[in-house]
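J.: Please read through the structure below; I'll follow up with questions.
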Amino acid sequence: MTASWDEGTPGVLRLPSGRAVRGRGLRNTLAPALVRPTYGVYLLGRQPSTLAELPWETRWLRWPDFRLPTDRAAARTVLTDAWERAADPAQRVEIACGGGRGRTGTALACLAVLDGVPPEEAVQFVRRNYDRHAVETPWQRRYVRTFG
């Protein structure tokens with residue numbers, strides 16, 4: 001199996017520890033040539049029926065657009081699991097929501113906090129290294145600051 005995500009793969013955020021996680025917007029079609037994840041966390045307001053059809057392991061978190069996860073304890077557990085899996089070179093972890101910016105950026109910033117980035121710097125870290133528009137709302141930024 002190919003180790004982790006290749007450098008230069010679109011949407012990949014390299015955390016300070018060296019872990020790599022791909023963020024993605026589900027509204028953007030996954031190009032056939034792109035390497036597939038081995039584990040995906042999907043942040044959506046409703047559980048999509050298509051998750052069962054994916055050929056990799058998935059988790060769904062109820063996380064409405066422009067908002068926060070409805071179950072913050074479950075979110076912490078799922079995001080911690082994703083961060084731990086990203087340490088395994090045989091794993092390719094993907095975090096995705098509809099557009100790939102607000103919820104995905106917020107989750108990636110939480111992973112950065114787990115990885116040792118100070119909570120007050122995590123949003124800027126993700127904006128610099130993933131997408132300059134990541135983490136869209138004030139309450140998403142506050143969630144990241146309190147995640148630590």
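Chain labels A, B, ... are given in the sequence in which chains occur in the structure tokens; within each chain residues are numbered consecutively from 1, and ligands are likewise numbered from 1 in the order shown.
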Gly8 of chain A: which residues within 12 Å, counting only C-alpha atoms, same-chain residues fewer than 2 positions away excluded, as a list in words?

T.: Trp5, Asp6, Pro10, Gly11, Val12, Leu13, Arg14, Ala20, Arg22, Leu34, Val35, Asn129 and Tyr130 of chain A

J.: May I have a table of the residues of segment 117-147 of chain A lying at most 9 Å from segment 57-77 of chain A, giving each one's closest pair of atoms and their distance in Å to one decimal, counting only C-alpha atoms, ordered by chain and ascending residue number, as a tab-separated table?

T.:
residue	atom	partner	partner_atom	distance
A:Glu136	CA	A:Phe66	CA	7.1
A:Thr137	CA	A:Phe66	CA	6.7
A:Trp139	CA	A:Arg67	CA	7.5
A:Gln140	CA	A:Leu68	CA	6.5
A:Tyr143	CA	A:Leu68	CA	7.7
A:Phe147	CA	A:Arg76	CA	8.2

J.: Excluding Phe125 of chain A and any residue of its chain fewer than 3 positions from it, enumerate the residues within 12 Å of it, using only C-alpha atoms, and give them as a list in words.

T.: Leu13, Arg14, Leu15, Pro16, Gly105, Thr106, Leu108, Ala109, Cys110, Leu111, Ala112, Val113, Asp115, Gly116, Val117, Pro118, Pro119, Glu120, Glu121, Ala122, Arg128, Asn129, Tyr130, Asp131, Arg132, His133, Ala134, Val135 and Val144 of chain A

J.: Which residue, A:Thr146, A:Glu7, A:Thr38, A:Arg141, has the smallest gap to Asp88 of chain A when you use only C-alpha atoms?

T.: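 For Asp88 of chain A, the nearest of the candidates is A:Thr38.
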
J.: Let's see if you can do this: from backbone DSSP, list all helix (DSSP H, G or I) residues in segment 3-130 of chain A, as a PyMOL selection string.

T.: chain A and resi 49-53+72-86+102-114+119-129

J.: Where in segment 4-76 of chain A does DSSP assign strand (DSSP E or B), given as a list in words?

T.: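 Selection result, strand (DSSP E or B) within segment 4-76 of chain A: Val12, Leu13, Arg14, Ala20, Val21, Arg22, Gly23, Arg24, Gly25, Tyr39, Gly40, Val41, Tyr42, Leu43, Leu44, Glu57, Thr58, Arg59, Trp60, Leu61 and Arg62 of chain A.
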